Amino acid sequence: MKVPSMIAAELRRLTASRMGILALVALVCVPILYGGLYLWANQDPYAKFPDVPVALVVNDEGAASTSDPSTGSETQDSRVNYGEDVADNLIEGNAFDWQRMTAAEGAQALHDGSVDFMVTIPADFSEALTSVASDDPHQARIELDTNDANNYLASSMGTQAVEKIRSSVAEMVGSEAAERLLTGLSDVRDNLITATDGASQLADGATTATTGSSTLADGTAQLADGTAQLAAGATTLAAGAQQVSDGNRKLADIADRAGSAVQQAADALPQVRTDITTLLADQGLTQEEIDGVLATLDPLGTKLQEGNTKVQTAVGQVDQLADGAASVASGASTLATGAGTVATGAAAANDGAAQLRDGLVTLRDGIGTLRDGLSDGVAKIPASTAELRTLQADTIADPVKVSSDKLASAEDYGAGLAPFFAALSAWIGIYALFLIVKPISRRAVTALHSPLRITLAGWLTPAMLGAVQMIGLMGILAITLGFTFNHPLGTLGVLIFASATFAAIILTLNVWLGSVGQFLGLVLMVLQLVTAGGTFPWQTLPAPLAALHHVLPLGYVVDAMRQLMYGGDLARAGWDLAVLGMWLVGALLLAAIGVTRMTHKRTLRDLQPSLIG
């Protein structure tokens, strides 16, 4: 009996009755139903997020705003409510089915499962965001409430959603704060320019003042020398004036005594005339004789009176001279004292002028340094416009933009899972077929002594049925679900080759272990389910399972499909197929050895009926 005849005989057995045909069709459809339904259900769950109900509780009371973020200018009676802004943006963004609720309503809805999670914006949200400008800066809070009893992944989605909200709010507030800062820097720059101009003018004035102070110092030095000489001359003058005053005073005293004597003589003249008249009368002179004598003496009295007048005038002039000389002496003394004070003051003024000159030189140098520093400050703060500051603020708030470049790209979530579930469907399909397909024909074993042909016949029957399964699955993926394939024929080839490899593996298990081998096929499927790296990267597996990833065939099927479906590395897909080829050849060789054993030696297990098949 040849291999085609054995295959045909097995197919006739499978289709001998209506129930047999139904069973065969049902088992052929198992991978199509499994892979198709699962991938249909998970084709693009992210697109359905807007249908996910989420409670949104906004308790924000707002906060006072002291400045206009667009201009940086102070405003009166303005308030902000970032909580309402965030809520409006969330509802408008339609990332989820956001439902505004009170805190009590949201808690009840989360408990009942009416919403998958709840986001709460607390009452102090705006106040906390604006606290950065106060003396009590603190972070704002966004509260997330989840209920894993509803859905664990919903909790994960809520965590990601809140993180996006946090990032968005941080960017918005950071942009406003940065714009205020940049506006302030622009104002500082303008003021620095004004200050630089003022410092330049001040530097020019300081240079002029320094020159003037040098002239002043020279003049005060000359003044100090002149006043010193004046003080010396005034001292000499005061000494001479005092001597003159003393001499004049002595002269005035002598003149006073002489004037007094003359005055006494003049004052005594009338009495002397009377005494002479009396004396002459006593001598018996007649009146005429007395008058003659008096006439002779009266001119002398007149001259005495005139001389007294002159003497008194001279005495008065001498007294005036003495008084004047005393005044001159006193004035000269005062002048000497004042000249000394002036000389001392002029010396002090000269010292002060020198200090002023030195101080102005220091001031001039300091002002020059200030002017240069202000100029450098202006140069280090770039000029800006309102539009430029807005762009700068946005960049500061969100400095990093992620640029994504995929070497190979899956179009959506379902396409990302397709290689894994298609490969798993291939294993499940073959496993299901071996529930009704006989691994080895007992008649052929008895009649033939050709282990190779028996093995090939036992393998090719499920392999061909598996190919039908994979063609049907490929049609569902490409036509019904609309997945795109960079290499559709290559992807189909991988699926058929994988199905054939799995058929060889399960055949070998059945040949050697019978129903226990069929059960081990189920265990092997579970192991590959967790080690193939179909969902999370295989590097996240525990070490023993990660080691199995490099050994078991399902992971190589998944990787090859990814390369061909997404447009990845074809050489890598070739290596994956080479590994599958080694599994295929190795499994067939082991199966052939097992069949050889069966053709030469029967065991009790061979004579017992199998629980499966």
# chains A, B, ... in the order shown; residues from 1 in each chain; ligands from 1
>>> select_by_dssp(residues="region 291-452 of chain A", states="helix (DSSP H, G or I)", output="count of residues only")
131
>>> residues_around(residues="region 343-345 of chain A", least_positions_apart="2", cutoff="12 Å", atoms="only C-alpha atoms", output="PyMOL selection string")
chain A and resi 220-234+335-341+347-353
>>> write_last_selection(atoms="C-alpha atoms", output="PDB file, in the first residue's frame")
ATOM      1  CA  THR A 220      42.047 124.331  46.955  1.00  0.00           C
ATOM      2  CA  ALA A 221      45.798 123.606  47.131  1.00  0.00           C
ATOM      3  CA  GLN A 222      46.474 127.144  45.922  1.00  0.00           C
ATOM      4  CA  LEU A 223      43.840 128.486  48.307  1.00  0.00           C
ATOM      5  CA  ALA A 224      45.456 126.620  51.186  1.00  0.00           C
ATOM      6  CA  ASP A 225      48.872 128.107  50.345  1.00  0.00           C
ATOM      7  CA  GLY A 226      47.395 131.664  49.987  1.00  0.00           C
ATOM      8  CA  THR A 227      45.400 131.458  53.184  1.00  0.00           C
ATOM      9  CA  ALA A 228      48.461 130.175  55.019  1.00  0.00           C
ATOM     10  CA  GLN A 229      50.413 133.203  53.788  1.00  0.00           C
ATOM     11  CA  LEU A 230      47.464 135.453  54.646  1.00  0.00           C
ATOM     12  CA  ALA A 231      47.325 134.031  58.134  1.00  0.00           C
ATOM     13  CA  ALA A 232      51.021 134.716  58.604  1.00  0.00           C
ATOM     14  CA  GLY A 233      50.679 138.322  57.303  1.00  0.00           C
ATOM     15  CA  ALA A 234      47.582 138.876  59.413  1.00  0.00           C
ATOM     16  CA  LEU A 335      41.713 138.975  61.114  1.00  0.00           C
ATOM     17  CA  ALA A 336      44.716 136.955  62.201  1.00  0.00           C
ATOM     18  CA  THR A 337      42.460 134.542  64.070  1.00  0.00           C
ATOM     19  CA  GLY A 338      40.068 134.302  61.083  1.00  0.00           C
ATOM     20  CA  ALA A 339      42.937 133.960  58.660  1.00  0.00           C
ATOM     21  CA  GLY A 340      44.229 131.063  60.728  1.00  0.00           C
ATOM     22  CA  THR A 341      40.799 129.455  60.723  1.00  0.00           C
ATOM     23  CA  ALA A 347      43.877 122.893  54.191  1.00  0.00           C
ATOM     24  CA  ALA A 348      40.940 120.657  55.146  1.00  0.00           C
ATOM     25  CA  ALA A 349      39.158 121.662  51.928  1.00  0.00           C
ATOM     26  CA  ASN A 350      42.276 120.741  50.005  1.00  0.00           C
ATOM     27  CA  ASP A 351      42.360 117.332  51.707  1.00  0.00           C
ATOM     28  CA  GLY A 352      38.619 116.866  51.011  1.00  0.00           C
ATOM     29  CA  ALA A 353      39.055 117.940  47.392  1.00  0.00           C
TER      30      ALA A 353
END
>>> residues_around(residues="Asp298 (chain A)", least_positions_apart="4", cutoff="12 Å", atoms="only C-alpha atoms", output="MDAnalysis selection string")
chainID A and resid 269:270 272:274 276:277 290:294 302:305
>>> residues_around(residues="Thr461 (chain A)", least_positions_apart="5", cutoff="8 Å", atoms="only C-alpha atoms", output="list in words")
Ile7, Glu10 and Leu11 of chain A
>>> residues_around(residues="region 373-383 of chain A", least_positions_apart="4", cutoff="7 Å", atoms="only C-alpha atoms", output="list in words")
Arg189, Leu192, Ile193, Thr196 and Thr369 of chain A
>>> closest_atom_pairs(of="region 318-395 of chain A", to="region 237-242 of chain A", cutoff="9 Å", atoms="only C-alpha atoms", output="tab-separated table")
residue	atom	partner	partner_atom	distance
A:Ala325	CA	A:Ala241	CA	6.8
A:Ala326	CA	A:Gln242	CA	7.1
A:Val328	CA	A:Ala241	CA	6.2
A:Ala329	CA	A:Ala241	CA	4.5
A:Ser330	CA	A:Ala238	CA	7.6
A:Gly331	CA	A:Ala238	CA	7.7
A:Ala332	CA	A:Ala238	CA	4.3
A:Ser333	CA	A:Ala238	CA	4.9
A:Thr334	CA	A:Ala238	CA	8.2
A:Leu335	CA	A:Ala238	CA	7.7
A:Ala336	CA	A:Ala238	CA	6.6
>>> write_last_selection(atoms="N, CA, C and O atoms", output="short mmCIF file (atom, residue, chain, number, x, y, z; two decimals), in the first residue's frame")
data_model
loop_
_atom_site.label_atom_id
_atom_site.label_comp_id
_atom_site.auth_asym_id
_atom_site.auth_seq_id
_atom_site.Cartn_x
_atom_site.Cartn_y
_atom_site.Cartn_z
N ALA A 325 43.18 153.19 66.45
CA ALA A 325 44.31 152.26 66.48
C ALA A 325 43.94 151.00 67.27
O ALA A 325 44.31 149.88 66.91
N ALA A 326 43.17 151.18 68.37
CA ALA A 326 42.73 150.02 69.17
C ALA A 326 41.79 149.14 68.34
O ALA A 326 41.88 147.91 68.37
N VAL A 328 41.75 149.04 65.11
CA VAL A 328 42.56 148.38 64.09
C VAL A 328 43.31 147.20 64.67
O VAL A 328 43.39 146.12 64.07
N ALA A 329 43.83 147.39 65.87
CA ALA A 329 44.55 146.28 66.51
C ALA A 329 43.62 145.11 66.78
O ALA A 329 43.96 143.94 66.55
N SER A 330 42.41 145.47 67.29
CA SER A 330 41.44 144.40 67.56
C SER A 330 41.04 143.69 66.26
O SER A 330 40.95 142.46 66.20
N GLY A 331 40.77 144.50 65.21
CA GLY A 331 40.41 143.91 63.92
C GLY A 331 41.53 143.08 63.34
O GLY A 331 41.30 142.01 62.76
N ALA A 332 42.76 143.59 63.50
CA ALA A 332 43.90 142.83 62.99
C ALA A 332 44.04 141.52 63.73
O ALA A 332 44.36 140.47 63.13
N SER A 333 43.75 141.54 65.04
CA SER A 333 43.80 140.30 65.82
C SER A 333 42.72 139.32 65.35
O SER A 333 42.98 138.13 65.17
N THR A 334 41.51 139.89 65.17
CA THR A 334 40.41 139.04 64.67
C THR A 334 40.74 138.51 63.29
O THR A 334 40.48 137.34 62.96
N LEU A 335 41.32 139.40 62.46
CA LEU A 335 41.71 138.98 61.11
C LEU A 335 42.73 137.86 61.18
O LEU A 335 42.67 136.88 60.43
N ALA A 336 43.70 138.00 62.08
CA ALA A 336 44.72 136.96 62.20
C ALA A 336 44.08 135.64 62.61
O ALA A 336 44.41 134.57 62.08
#
>>> atom_distance(atom1="CA of Gly247 (chain A)", atom2="CA of Asp323 (chain A)")
11.3 Å
>>> atom_distance(atom1="CA of Ser515 (chain A)", atom2="CA of Lys438 (chain A)")
11.3 Å
>>> closest_residue(among="A:Tyr431, A:Trp512, A:Tyr566, A:Phe497", to="Gly594 (chain A)", atoms="only C-alpha atoms")
A:Trp512
>>> residues_around(residues="Ile121 (chain A)", least_positions_apart="6", cutoff="10 Å", atoms="only C-alpha atoms", output="list in words")
Leu56, Val57, Val58, Asn59, Asp60, Glu61, Tyr82, Gly83, Glu84, Val86, Ala87, Ala140, Arg141, Ile142, Glu143 and Leu144 of chain A
>>> atom_distance(atom1="CA of Thr15 (chain A)", atom2="CA of Ala503 (chain A)")
20.0 Å
>>> closest_atom_pairs(of="region 550-580 of chain A", to="region 491-496 of chain A", cutoff="12 Å", atoms="only C-alpha atoms", output="JSON lines")
{"residue": "A:Leu554", "atom": "CA", "partner": "A:Leu495", "partner_atom": "CA", "distance": 10.9}
{"residue": "A:Tyr556", "atom": "CA", "partner": "A:Val494", "partner_atom": "CA", "distance": 10.1}
{"residue": "A:Val557", "atom": "CA", "partner": "A:Val494", "partner_atom": "CA", "distance": 7.1}
{"residue": "A:Val558", "atom": "CA", "partner": "A:Val494", "partner_atom": "CA", "distance": 9.4}
{"residue": "A:Asp559", "atom": "CA", "partner": "A:Val494", "partner_atom": "CA", "distance": 10.3}
{"residue": "A:Ala560", "atom": "CA", "partner": "A:Val494", "partner_atom": "CA", "distance": 7.2}
{"residue": "A:Met561", "atom": "CA", "partner": "A:Thr491", "partner_atom": "CA", "distance": 5.8}
{"residue": "A:Arg562", "atom": "CA", "partner": "A:Thr491", "partner_atom": "CA", "distance": 8.7}
{"residue": "A:Gln563", "atom": "CA", "partner": "A:Thr491", "partner_atom": "CA", "distance": 8.9}
{"residue": "A:Leu564", "atom": "CA", "partner": "A:Thr491", "partner_atom": "CA", "distance": 5.7}
{"residue": "A:Met565", "atom": "CA", "partner": "A:Thr491", "partner_atom": "CA", "distance": 6.3}
{"residue": "A:Tyr566", "atom": "CA", "partner": "A:Thr491", "partner_atom": "CA", "distance": 10.0}
{"residue": "A:Gly567", "atom": "CA", "partner": "A:Thr491", "partner_atom": "CA", "distance": 10.6}
{"residue": "A:Gly568", "atom": "CA", "partner": "A:Thr491", "partner_atom": "CA", "distance": 12.0}
{"residue": "A:Leu570", "atom": "CA", "partner": "A:Thr491", "partner_atom": "CA", "distance": 11.2}
{"residue": "A:Ala573", "atom": "CA", "partner": "A:Val494", "partner_atom": "CA", "distance": 9.1}
{"residue": "A:Gly574", "atom": "CA", "partner": "A:Val494", "partner_atom": "CA", "distance": 10.0}
{"residue": "A:Asp576", "atom": "CA", "partner": "A:Val494", "partner_atom": "CA", "distance": 9.6}
{"residue": "A:Leu577", "atom": "CA", "partner": "A:Val494", "partner_atom": "CA", "distance": 7.5}
{"residue": "A:Ala578", "atom": "CA", "partner": "A:Val494", "partner_atom": "CA", "distance": 11.2}
{"residue": "A:Leu580", "atom": "CA", "partner": "A:Val494", "partner_atom": "CA", "distance": 9.6}
>>> select_by_dssp(residues="region 99-179 of chain A", states="strand (DSSP E or B)", output="PyMOL selection string")
chain A and resi 99-100+117-121+143-146
>>> closest_residue(among="A:Val468, A:Ile436, A:Leu363, A:Leu110", to="Thr210 (chain A)", atoms="only C-alpha atoms")
A:Leu363
>>> closest_residue(among="A:Thr455, A:Gln99, A:Thr194, A:Asn308", to="Ile505 (chain A)", atoms="only C-alpha atoms")
A:Thr455
